[in-house]
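Trainee: You'll find model-v4.pdb just under this line, and it carries PDB, C-alpha atoms, pLDDT in the B column.
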ATOM      1  CA  MET A   2    -118.665 -22.474  40.945  1.00 52.00           C
ATOM      2  CA  LYS A   3    -115.986 -22.395  38.274  1.00 49.00           C
ATOM      3  CA  LEU A   4    -113.447 -21.007  40.771  1.00 50.00           C
ATOM      4  CA  ARG A   5    -114.292 -23.796  43.228  1.00 56.00           C
ATOM      5  CA  SER A   6    -113.697 -26.422  40.514  1.00 53.00           C
ATOM      6  CA  VAL A   7    -110.332 -24.894  39.583  1.00 45.00           C
ATOM      7  CA  LEU A   8    -109.265 -24.861  43.235  1.00 49.00           C
ATOM      8  CA  SER A   9    -110.374 -28.452  43.654  1.00 53.00           C
ATOM      9  CA  VAL A  10    -108.396 -29.608  40.627  1.00 44.00           C
ATOM     10  CA  SER A  11    -105.323 -27.674  41.783  1.00 50.00           C
ATOM     11  CA  LEU A  12    -105.466 -29.241  45.238  1.00 49.00           C
ATOM     12  CA  CYS A  13    -105.768 -32.706  43.713  1.00 48.00           C
ATOM     13  CA  LEU A  14    -102.780 -32.099  41.478  1.00 45.00           C
ATOM     14  CA  LEU A  15    -100.754 -30.787  44.406  1.00 45.00           C
ATOM     15  CA  PHE A  16    -101.652 -33.828  46.503  1.00 41.00           C
ATOM     16  CA  ALA A  17    -100.803 -36.230  43.674  1.00 40.00           C
ATOM     17  CA  THR A  18     -97.470 -34.524  43.049  1.00 37.00           C
ATOM     18  CA  THR A  19     -96.568 -34.680  46.730  1.00 38.00           C
ATOM     19  CA  LEU A  20     -97.555 -38.345  46.915  1.00 34.00           C
ATOM     20  CA  CYS A  21     -95.456 -39.221  43.862  1.00 33.00           C
ATOM     21  CA  ALA A  22     -92.496 -37.323  45.244  1.00 31.00           C
ATOM     22  CA  GLN A  23     -92.725 -39.281  48.479  1.00 30.00           C
ATOM     23  CA  LYS A  24     -93.113 -42.607  46.698  1.00 29.00           C
ATOM     24  CA  ALA A  25     -90.258 -42.116  44.227  1.00 27.00           C
ATOM     25  CA  LYS A  26     -87.561 -41.373  46.759  1.00 25.00           C
ATOM     26  CA  ASN A  27     -84.522 -39.947  45.020  1.00 28.00           C
ATOM     27  CA  TYR A  28     -81.215 -41.521  45.996  1.00 26.00           C
ATOM     28  CA  GLY A  29     -79.219 -39.177  43.791  1.00 32.00           C
ATOM     29  CA  PRO A  30     -77.167 -39.823  40.668  1.00 38.00           C
ATOM     30  CA  ARG A  31     -75.660 -43.298  40.413  1.00 40.00           C
ATOM     31  CA  LYS A  32     -73.895 -45.438  37.857  1.00 44.00           C
ATOM     32  CA  ILE A  33     -75.357 -48.521  36.254  1.00 44.00           C
ATOM     33  CA  ALA A  34     -73.051 -51.141  37.739  1.00 44.00           C
ATOM     34  CA  ALA A  35     -74.498 -54.427  36.582  1.00 46.00           C
ATOM     35  CA  ILE A  36     -76.217 -54.578  33.232  1.00 53.00           C
ATOM     36  CA  GLU A  37     -76.732 -58.317  33.428  1.00 50.00           C
ATOM     37  CA  THR A  38     -78.513 -59.540  36.541  1.00 46.00           C
ATOM     38  CA  GLY A  39     -79.854 -62.894  37.623  1.00 46.00           C
ATOM     39  CA  ALA A  40     -77.740 -65.977  36.975  1.00 52.00           C
ATOM     40  CA  ALA A  41     -74.113 -65.533  37.962  1.00 67.00           C
ATOM     41  CA  PHE A  42     -71.541 -65.261  35.203  1.00 65.00           C
ATOM     42  CA  ASP A  43     -68.479 -67.496  35.148  1.00 67.00           C
ATOM     43  CA  LYS A  44     -66.282 -66.318  37.994  1.00 64.00           C
ATOM     44  CA  GLY A  45     -62.864 -65.001  37.052  1.00 81.00           C
ATOM     45  CA  SER A  46     -63.817 -64.599  33.403  1.00 85.00           C
ATOM     46  CA  SER A  47     -64.269 -60.838  33.542  1.00 93.00           C
ATOM     47  CA  PHE A  48     -62.126 -58.494  31.475  1.00 96.00           C
ATOM     48  CA  ILE A  49     -61.998 -54.785  30.646  1.00 97.00           C
ATOM     49  CA  VAL A  50     -62.310 -52.895  27.366  1.00 98.00           C
ATOM     50  CA  ILE A  51     -61.447 -49.187  27.375  1.00 98.00           C
ATOM     51  CA  SER A  52     -62.768 -47.198  24.427  1.00 97.00           C
ATOM     52  CA  LYS A  53     -60.970 -44.007  23.473  1.00 97.00           C
ATOM     53  CA  LYS A  54     -63.671 -43.187  20.943  1.00 96.00           C
ATOM     54  CA  HIS A  55     -66.554 -43.564  23.392  1.00 96.00           C
ATOM     55  CA  LEU A  56     -64.659 -42.415  26.527  1.00 96.00           C
ATOM     56  CA  CYS A  57     -65.723 -45.325  28.671  1.00 97.00           C
ATOM     57  CA  LEU A  58     -64.467 -48.368  30.517  1.00 97.00           C
ATOM     58  CA  SER A  59     -66.590 -51.509  30.112  1.00 96.00           C
ATOM     59  CA  VAL A  60     -66.365 -54.717  32.116  1.00 95.00           C
ATOM     60  CA  TYR A  61     -67.411 -57.944  30.404  1.00 95.00           C
ATOM     61  CA  GLY A  62     -67.737 -61.505  31.611  1.00 93.00           C
ATOM     62  CA  LYS A  63     -68.786 -64.932  30.413  1.00 88.00           C
ATOM     63  CA  LYS A  64     -72.217 -66.319  31.109  1.00 85.00           C
ATOM     64  CA  GLY A  65     -72.038 -69.754  29.563  1.00 83.00           C
ATOM     65  CA  ALA A  66     -70.899 -69.273  25.973  1.00 85.00           C
ATOM     66  CA  GLU A  67     -72.086 -65.667  25.877  1.00 89.00           C
ATOM     67  CA  THR A  68     -70.063 -62.533  26.586  1.00 91.00           C
ATOM     68  CA  VAL A  69     -72.146 -60.126  28.653  1.00 92.00           C
ATOM     69  CA  LEU A  70     -71.710 -56.537  29.742  1.00 93.00           C
ATOM     70  CA  LEU A  71     -71.331 -56.276  33.513  1.00 92.00           C
ATOM     71  CA  ALA A  72     -70.521 -52.599  33.989  1.00 92.00           C
ATOM     72  CA  ARG A  73     -69.757 -49.439  32.050  1.00 95.00           C
ATOM     73  CA  TYR A  74     -68.144 -46.345  33.564  1.00 96.00           C
ATOM     74  CA  PRO A  75     -67.286 -42.914  32.091  1.00 97.00           C
ATOM     75  CA  ALA A  76     -63.534 -42.480  31.653  1.00 97.00           C
ATOM     76  CA  CYS A  77     -60.942 -39.784  31.103  1.00 97.00           C
ATOM     77  CA  LEU A  78     -58.033 -40.655  28.831  1.00 97.00           C
ATOM     78  CA  SER A  79     -54.861 -38.875  27.720  1.00 96.00           C
ATOM     79  CA  ARG A  80     -55.021 -35.240  26.675  1.00 94.00           C
ATOM     80  CA  ASN A  81     -53.124 -36.050  23.470  1.00 95.00           C
ATOM     81  CA  LYS A  82     -54.684 -38.470  21.011  1.00 96.00           C
ATOM     82  CA  GLY A  83     -52.969 -41.429  19.388  1.00 95.00           C
ATOM     83  CA  ASN A  84     -51.018 -44.472  20.541  1.00 93.00           C
ATOM     84  CA  LYS A  85     -48.209 -43.866  22.993  1.00 93.00           C
ATOM     85  CA  GLN A  86     -44.810 -43.685  21.332  1.00 89.00           C
ATOM     86  CA  ARG A  87     -42.408 -42.272  23.873  1.00 89.00           C
ATOM     87  CA  ARG A  88     -42.000 -41.105  27.437  1.00 87.00           C
ATOM     88  CA  GLY A  89     -43.778 -37.831  28.166  1.00 85.00           C
ATOM     89  CA  ASP A  90     -45.966 -37.657  25.034  1.00 90.00           C
ATOM     90  CA  ASN A  91     -49.120 -37.596  27.188  1.00 88.00           C
ATOM     91  CA  LYS A  92     -50.797 -40.442  25.287  1.00 93.00           C
ATOM     92  CA  THR A  93     -52.565 -43.560  26.514  1.00 96.00           C
ATOM     93  CA  PRO A  94     -51.036 -46.744  25.082  1.00 96.00           C
ATOM     94  CA  GLU A  95     -53.275 -48.969  22.930  1.00 96.00           C
ATOM     95  CA  SER A  96     -53.076 -52.739  23.286  1.00 95.00           C
ATOM     96  CA  PRO A  97     -52.099 -54.691  20.145  1.00 94.00           C
ATOM     97  CA  ALA A  98     -54.878 -56.769  18.590  1.00 90.00           C
ATOM     98  CA  GLY A  99     -55.266 -60.031  20.486  1.00 91.00           C
ATOM     99  CA  LYS A 100     -52.732 -58.989  23.134  1.00 95.00           C
ATOM    100  CA  PRO A 101     -54.532 -57.209  25.984  1.00 97.00           C
ATOM    101  CA  PHE A 102     -52.663 -55.519  28.796  1.00 97.00           C
ATOM    102  CA  LYS A 103     -53.007 -57.018  32.274  1.00 97.00           C
ATOM    103  CA  ILE A 104     -53.509 -55.656  35.782  1.00 97.00           C
ATOM    104  CA  THR A 105     -50.275 -56.381  37.648  1.00 96.00           C
ATOM    105  CA  GLN A 106     -50.976 -54.639  40.958  1.00 96.00           C
ATOM    106  CA  ILE A 107     -53.940 -53.257  42.872  1.00 97.00           C
ATOM    107  CA  GLN A 108     -52.531 -50.570  45.126  1.00 96.00           C
ATOM    108  CA  PRO A 109     -54.159 -48.291  47.721  1.00 96.00           C
ATOM    109  CA  SER A 110     -53.504 -44.770  46.441  1.00 95.00           C
ATOM    110  CA  GLY A 111     -55.643 -42.537  48.641  1.00 95.00           C
ATOM    111  CA  THR A 112     -52.596 -40.615  49.875  1.00 96.00           C
ATOM    112  CA  TRP A 113     -50.767 -40.302  46.550  1.00 95.00           C
ATOM    113  CA  ARG A 114     -50.170 -36.789  45.239  1.00 94.00           C
ATOM    114  CA  HIS A 115     -49.180 -35.220  41.942  1.00 92.00           C
ATOM    115  CA  ASN A 116     -48.200 -31.769  40.716  1.00 92.00           C
ATOM    116  CA  PHE A 117     -49.849 -31.025  37.376  1.00 90.00           C
ATOM    117  CA  GLY A 118     -47.893 -27.783  36.964  1.00 88.00           C
ATOM    118  CA  ASP A 119     -51.111 -25.787  36.871  1.00 90.00           C
ATOM    119  CA  GLY A 120     -50.620 -23.822  40.060  1.00 91.00           C
ATOM    120  CA  ARG A 121     -52.573 -26.147  42.343  1.00 93.00           C
ATOM    121  CA  GLY A 122     -49.404 -27.624  43.805  1.00 92.00           C
ATOM    122  CA  ASN A 123     -48.842 -31.208  44.954  1.00 94.00           C
ATOM    123  CA  ILE A 124     -52.431 -32.416  45.351  1.00 94.00           C
ATOM    124  CA  LEU A 125     -54.259 -35.678  45.958  1.00 94.00           C
ATOM    125  CA  SER A 126     -54.977 -37.078  42.504  1.00 93.00           C
ATOM    126  CA  TYR A 127     -55.608 -40.825  42.399  1.00 95.00           C
ATOM    127  CA  GLY A 128     -58.714 -41.817  44.289  1.00 96.00           C
ATOM    128  CA  ALA A 129     -58.703 -44.873  46.547  1.00 96.00           C
ATOM    129  CA  TRP A 130     -57.079 -47.381  44.182  1.00 97.00           C
ATOM    130  CA  PHE A 131     -54.445 -47.574  41.463  1.00 97.00           C
ATOM    131  CA  LEU A 132     -54.799 -50.577  39.156  1.00 97.00           C
ATOM    132  CA  ARG A 133     -51.354 -50.816  37.622  1.00 97.00           C
ATOM    133  CA  LEU A 134     -51.216 -52.083  34.045  1.00 96.00           C
ATOM    134  CA  GLN A 135     -48.533 -54.053  32.273  1.00 93.00           C
ATOM    135  CA  THR A 136     -48.021 -52.054  29.085  1.00 93.00           C
ATOM    136  CA  PRO A 137     -44.952 -53.403  27.252  1.00 89.00           C
ATOM    137  CA  GLY A 138     -42.545 -50.642  26.327  1.00 87.00           C
ATOM    138  CA  HIS A 139     -44.080 -48.142  28.754  1.00 90.00           C
ATOM    139  CA  SER A 140     -44.318 -47.870  32.519  1.00 86.00           C
ATOM    140  CA  GLY A 141     -46.447 -46.169  35.148  1.00 90.00           C
ATOM    141  CA  ILE A 142     -49.787 -46.552  33.347  1.00 94.00           C
ATOM    142  CA  GLY A 143     -52.834 -47.441  35.414  1.00 97.00           C
ATOM    143  CA  ILE A 144     -56.535 -47.032  36.092  1.00 98.00           C
ATOM    144  CA  HIS A 145     -57.345 -44.793  39.057  1.00 97.00           C
ATOM    145  CA  GLY A 146     -59.727 -42.236  40.520  1.00 97.00           C
ATOM    146  CA  SER A 147     -60.150 -38.559  39.675  1.00 96.00           C
ATOM    147  CA  THR A 148     -59.619 -36.822  43.023  1.00 96.00           C
ATOM    148  CA  ASN A 149     -59.379 -33.056  42.416  1.00 96.00           C
ATOM    149  CA  ASN A 150     -59.979 -33.685  38.681  1.00 96.00           C
ATOM    150  CA  ARG A 151     -63.561 -34.929  38.716  1.00 96.00           C
ATOM    151  CA  ALA A 152     -64.707 -32.483  36.024  1.00 96.00           C
ATOM    152  CA  SER A 153     -62.347 -34.168  33.549  1.00 96.00           C
ATOM    153  CA  VAL A 154     -64.462 -37.354  33.526  1.00 96.00           C
ATOM    154  CA  PRO A 155     -65.447 -38.213  30.849  1.00 96.00           C
ATOM    155  CA  GLY A 156     -62.904 -36.472  28.672  1.00 96.00           C
ATOM    156  CA  ARG A 157     -59.309 -36.155  27.477  1.00 96.00           C
ATOM    157  CA  ASP A 158     -57.082 -34.639  30.130  1.00 95.00           C
ATOM    158  CA  SER A 159     -54.777 -37.222  31.750  1.00 95.00           C
ATOM    159  CA  GLU A 160     -51.052 -37.681  31.199  1.00 93.00           C
ATOM    160  CA  GLY A 161     -51.602 -41.222  29.965  1.00 94.00           C
ATOM    161  CA  CYS A 162     -53.508 -43.055  32.688  1.00 96.00           C
ATOM    162  CA  ILE A 163     -57.221 -43.865  32.727  1.00 97.00           C
ATOM    163  CA  ARG A 164     -59.270 -41.861  35.236  1.00 97.00           C
ATOM    164  CA  LEU A 165     -62.652 -42.872  36.626  1.00 97.00           C
ATOM    165  CA  TYR A 166     -64.895 -41.135  39.120  1.00 97.00           C
ATOM    166  CA  ASP A 167     -63.655 -41.851  42.648  1.00 96.00           C
ATOM    167  CA  GLU A 168     -66.722 -43.934  43.469  1.00 96.00           C
ATOM    168  CA  ASP A 169     -66.314 -45.905  40.239  1.00 96.00           C
ATOM    169  CA  ILE A 170     -62.711 -46.936  40.901  1.00 96.00           C
ATOM    170  CA  ILE A 171     -63.903 -48.282  44.266  1.00 96.00           C
ATOM    171  CA  ALA A 172     -66.757 -50.182  42.618  1.00 93.00           C
ATOM    172  CA  LEU A 173     -64.443 -51.534  39.914  1.00 94.00           C
ATOM    173  CA  LYS A 174     -61.914 -52.733  42.475  1.00 95.00           C
ATOM    174  CA  GLU A 175     -64.451 -54.258  44.862  1.00 92.00           C
ATOM    175  CA  LYS A 176     -66.700 -55.931  42.286  1.00 91.00           C
ATOM    176  CA  PHE A 177     -64.478 -56.950  39.390  1.00 93.00           C
ATOM    177  CA  ALA A 178     -60.736 -56.224  39.423  1.00 94.00           C
ATOM    178  CA  TYR A 179     -58.109 -58.887  40.070  1.00 94.00           C
ATOM    179  CA  VAL A 180     -54.409 -59.247  39.375  1.00 95.00           C
ATOM    180  CA  GLY A 181     -54.016 -60.763  35.919  1.00 95.00           C
ATOM    181  CA  MET A 182     -57.278 -59.285  34.612  1.00 96.00           C
ATOM    182  CA  PRO A 183     -57.016 -58.596  30.829  1.00 97.00           C
ATOM    183  CA  VAL A 184     -57.441 -54.945  29.792  1.00 98.00           C
ATOM    184  CA  THR A 185     -57.889 -53.957  26.153  1.00 98.00           C
ATOM    185  CA  VAL A 186     -57.433 -50.305  25.165  1.00 98.00           C
ATOM    186  CA  THR A 187     -58.824 -49.733  21.684  1.00 97.00           C
ATOM    187  CA  ALA A 188     -57.461 -47.295  19.099  1.00 96.00           C
ATOM    188  CA  GLU A 189     -58.687 -43.715  18.770  1.00 96.00           C
ATOM    189  CA  ASN A 190     -61.224 -44.286  15.996  1.00 94.00           C
ATOM    190  CA  ALA A 191     -62.005 -47.932  16.735  1.00 96.00           C
ATOM    191  CA  ASP A 192     -65.698 -48.558  17.219  1.00 96.00           C
ATOM    192  CA  TRP A 193     -67.263 -51.228  19.414  1.00 96.00           C
ATOM    193  CA  LEU A 194     -65.710 -54.685  19.190  1.00 96.00           C
ATOM    194  CA  PRO A 195     -67.993 -57.351  17.657  1.00 94.00           C
ATOM    195  CA  PHE A 196     -69.252 -58.697  20.997  1.00 93.00           C
ATOM    196  CA  GLU A 197     -69.864 -55.135  22.246  1.00 95.00           C
ATOM    197  CA  LYS A 198     -72.230 -54.051  19.492  1.00 94.00           C
ATOM    198  CA  LYS A 199     -75.375 -55.338  21.174  1.00 93.00           C
ATOM    199  CA  TYR A 200     -74.544 -53.071  24.133  1.00 94.00           C
ATOM    200  CA  ALA A 201     -73.679 -50.020  22.014  1.00 93.00           C
ATOM    201  CA  ASN A 202     -76.655 -48.050  23.326  1.00 90.00           C
ATOM    202  CA  VAL A 203     -75.840 -48.625  26.987  1.00 89.00           C
ATOM    203  CA  ALA A 204     -74.449 -45.249  27.997  1.00 83.00           C
ATOM    204  CA  ALA A 205     -71.834 -44.735  30.683  1.00 75.00           C
ATOM    205  CA  THR A 206     -73.791 -41.976  32.384  1.00 50.00           C
ATOM    206  CA  THR A 207     -75.371 -41.296  35.729  1.00 42.00           C
ATOM    207  CA  VAL A 208     -78.987 -42.278  36.181  1.00 35.00           C
ATOM    208  CA  GLU A 209     -81.555 -40.988  38.598  1.00 34.00           C
ATOM    209  CA  SER A 210     -82.836 -44.016  40.469  1.00 32.00           C
ATOM    210  CA  SER A 211     -85.634 -44.527  42.954  1.00 31.00           C
ATOM    211  CA  GLU A 212     -86.436 -47.133  45.556  1.00 33.00           C
ATOM    212  CA  ASP A 213     -89.122 -48.509  43.227  1.00 32.00           C
ATOM    213  CA  GLU A 214     -86.723 -49.527  40.474  1.00 30.00           C
ATOM    214  CA  GLU A 215     -86.422 -53.273  40.141  1.00 32.00           C
ATOM    215  CA  GLY A 216     -83.899 -55.495  38.384  1.00 31.00           C
ATOM    216  CA  LEU A 217     -81.225 -52.782  38.240  1.00 29.00           C
ATOM    217  CA  GLU A 218     -78.109 -53.211  40.352  1.00 33.00           C
ATOM    218  CA  ILE A 219     -76.543 -49.875  41.205  1.00 30.00           C
ATOM    219  CA  ALA A 220     -72.884 -49.227  41.967  1.00 33.00           C
ATOM    220  CA  ASN A 221     -72.783 -47.125  45.075  1.00 31.00           C
ATOM    221  CA  PRO A 222     -69.844 -48.417  47.126  1.00 29.00           C
ATOM    222  CA  TYR A 223     -70.890 -46.334  50.085  1.00 28.00           C
ATOM    223  CA  GLU A 224     -74.243 -48.109  50.406  1.00 28.00           C
ATOM    224  CA  GLN A 225     -73.764 -51.515  48.801  1.00 27.00           C
ATOM    225  CA  PRO A 226     -71.045 -54.095  49.598  1.00 26.00           C
ATOM    226  CA  ALA A 227     -69.431 -56.204  46.925  1.00 25.00           C
ATOM    227  CA  ASP A 228     -71.845 -58.945  45.919  1.00 25.00           C
ATOM    228  CA  GLU A 229     -71.874 -62.236  44.078  1.00 25.00           C
ATOM    229  CA  ILE A 230     -70.256 -60.758  40.999  1.00 24.00           C
ATOM    230  CA  THR A 231     -66.914 -60.340  42.770  1.00 27.00           C
ATOM    231  CA  PRO A 232     -64.336 -62.574  41.007  1.00 30.00           C
ATOM    232  CA  VAL A 233     -63.323 -65.751  42.817  1.00 28.00           C
ATOM    233  CA  LYS A 234     -60.188 -65.380  44.898  1.00 34.00           C
ATOM    234  CA  PRO A 235     -59.307 -61.852  43.770  1.00 35.00           C
ATOM    235  CA  THR A 236     -55.658 -61.105  44.393  1.00 39.00           C
ATOM    236  CA  THR A 237     -54.894 -57.673  45.773  1.00 42.00           C
ATOM    237  CA  SER A 238     -51.256 -56.712  45.841  1.00 43.00           C
ATOM    238  CA  THR A 239     -50.238 -53.955  48.213  1.00 40.00           C
ATOM    239  CA  GLU A 240     -46.513 -54.355  47.604  1.00 39.00           C
ATOM    240  CA  GLY A 241     -44.834 -51.143  46.614  1.00 42.00           C
ATOM    241  CA  ALA A 242     -47.844 -49.161  47.741  1.00 52.00           C
ATOM    242  CA  LYS A 243     -45.840 -45.953  47.821  1.00 54.00           C
ATOM    243  CA  GLN A 244     -46.563 -43.406  45.139  1.00 59.00           C
ATOM    244  CA  PRO A 245     -45.040 -44.586  41.837  1.00 52.00           C
ATOM    245  CA  THR A 246     -42.018 -42.753  40.495  1.00 42.00           C
ATOM    246  CA  GLU A 247     -42.451 -43.886  36.907  1.00 41.00           C
ATOM    247  CA  GLU A 248     -43.394 -41.790  33.975  1.00 42.00           C
ATOM    248  CA  PHE A 249     -47.016 -41.348  34.909  1.00 45.00           C
ATOM    249  CA  PRO A 250     -47.575 -40.863  38.623  1.00 46.00           C
ATOM    250  CA  GLU A 251     -50.733 -39.142  37.363  1.00 51.00           C
TER     251      GLU A 251
END
Could I get this structure in the form of structure tokens?

Mentor:
Amino acid sequence: MKLRSVLSVSLCLLFATTLCAQKAKNYGPRKIAAIETGAAFDKGSSFIVISKKHLCLSVYGKKGAETVLLARYPACLSRNKGNKQRRGDNKTPESPAGKPFKITQIQPSGTWRHNFGDGRGNILSYGAWFLRLQTPGHSGIGIHGSTNNRASVPGRDSEGCIRLYDEDIIALKEKFAYVGMPVTVTAENADWLPFEKKYANVAATTVESSEDEEGLEIANPYEQPADEITPVKPTTSTEGAKQPTEEFPE
């Protein structure tokens, strides 16, 4: 009798587990792409803050008088810490207080290659897009993908540029980026900016999502097109789309 009861309970547990597994279909790891959902934020108001301390790239926008977090992605920054001083020091430049950098070009970079001098040769290195930044005093700095360097994200390994996962650079370009977009790169030990503090616990990590999750917009550029949070009249410049020859073709 006792054996029959144990078997019965085991079968019930097995059935319940199978049912739950079928109900909570796993779509794989994804990034949280839109923290704020519902009412649209003010179009064209979005801007980027890149944190060296927290190794992430955050996109913010205006919703009325409030600054809201729209997206947060893991990022890889320069292998050497500190503000960029000279050509070849392998540091990511930091924007002066109140003077953000700007995106000057959005270039297709899927065929661009780079030799890191590590024996791998001249390899694809940029992902689908290169968002070139205006960084006074320095050239060739941009935000791009991590093709053949995915394990470096998040981390400190680039020659000065900002690397994202390949799928994240696509999401960033399709949903938010536009020529003229302000980009702030904070100093090494700088914590969250005042308007960021309420989002300090929102991690730039992958999340396991299921078809039952509601109210969470997921950035998966291979399954979801750009939606209403795309800036109005985004300008994409493809001029000079050849691989850059400046200091950081990385």

Trainee: Near Ile104 (chain A), within 9 Å and counting all atoms listed in the file, which residues show up once chain neighbours fewer than 6 positions away are dropped, as a list in words?

Mentor: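 Answer for this query is Leu132, Arg133, Leu134, Gln135, Gly143, Ala178, Tyr179, Val180, Gly181, Met182, Pro183 and Val184 of chain A.
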
Trainee: Could you name the residues that touch Ile170 (chain A) at 10 Å or less, counting all atoms listed in the file, but leaving out those on the same chain fewer than 4 positions away, as a count of residues only?

Mentor: 19

Trainee: List the residues selected by the PyMOL selection byres ((chain A and resi 93) around 9) in the file shown, writing them as a VMD selection string.

Mentor: chain A and resid 53 78 to 85 90 to 92 94 to 95 142 159 to 163 186

Trainee: Find the distance between CA of Lys64 (chain A) and CA of Ser46 (chain A) and write it in Å to one decimal.

Mentor: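 It comes out at 8.9 Å.
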
Trainee: Mind pulling up the distance from CA of Glu168 (chain A) to CA of Asn123 (chain A)?

Mentor: 22.0 Å

Trainee: Just to confirm, what's the straight-line distance from CA of Ser110 (chain A) to CA of Ser126 (chain A) in Å (one decimal)?

Mentor: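 Atom-to-atom, CA of Ser110 (chain A) to CA of Ser126 (chain A), that is 8.8 Å.
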
Trainee: Counting only C-alpha atoms, select every polymer residue within 7 Å of (-58.9, -57.4, 25.2) as defined in the file's coordinates, and provide the selection as number ranges by chain.

Mentor: A: 49-50, 99-101, 183-185

Trainee: From the list A:Ser59, A:Asn150, A:Glu67, A:Gly45, which residue is nearest Phe117 (chain A) when using only C-alpha atoms?

Mentor: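 That would be A:Asn150, the residue with the smallest distance to Phe117 (chain A).
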
Trainee: Tell me which residues the PyMOL selection byres ((chain A and resi 76) around 6) grabs here, as a count of residues only.

Mentor: 8

Trainee: What do you get, as a PyMOL selection string, if you spell out every residue that the PyMOL selection byres ((chain A and resi 73) around 8) selects here?

Mentor: chain A and resi 33-34+57-60+70-72+74-75+203-205

Trainee: Between A:Gln86, A:Ser47, A:Thr105, A:Ser52, which residue has the minimum interatomic distance to Trp193 (chain A), considering only C-alpha atoms?

Mentor: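 Going through A:Gln86, A:Ser47, A:Thr105, A:Ser52 one by one, the smallest distance to Trp193 (chain A) is for A:Ser52.
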
Trainee: Looking at only C-alpha atoms, which of A:Gly111, A:Tyr61, A:Gly138, A:Arg121 is the one that sits closest to Tyr200 (chain A)?

Mentor: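 Distance minimum relative to Tyr200 (chain A) lands on A:Tyr61.
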
Trainee: Considering all atoms listed in the file, can you say which of A:Ile171, A:Gly120, A:Lys54, A:Arg87 comes closest to Ile107 (chain A)?

Mentor: A:Ile171
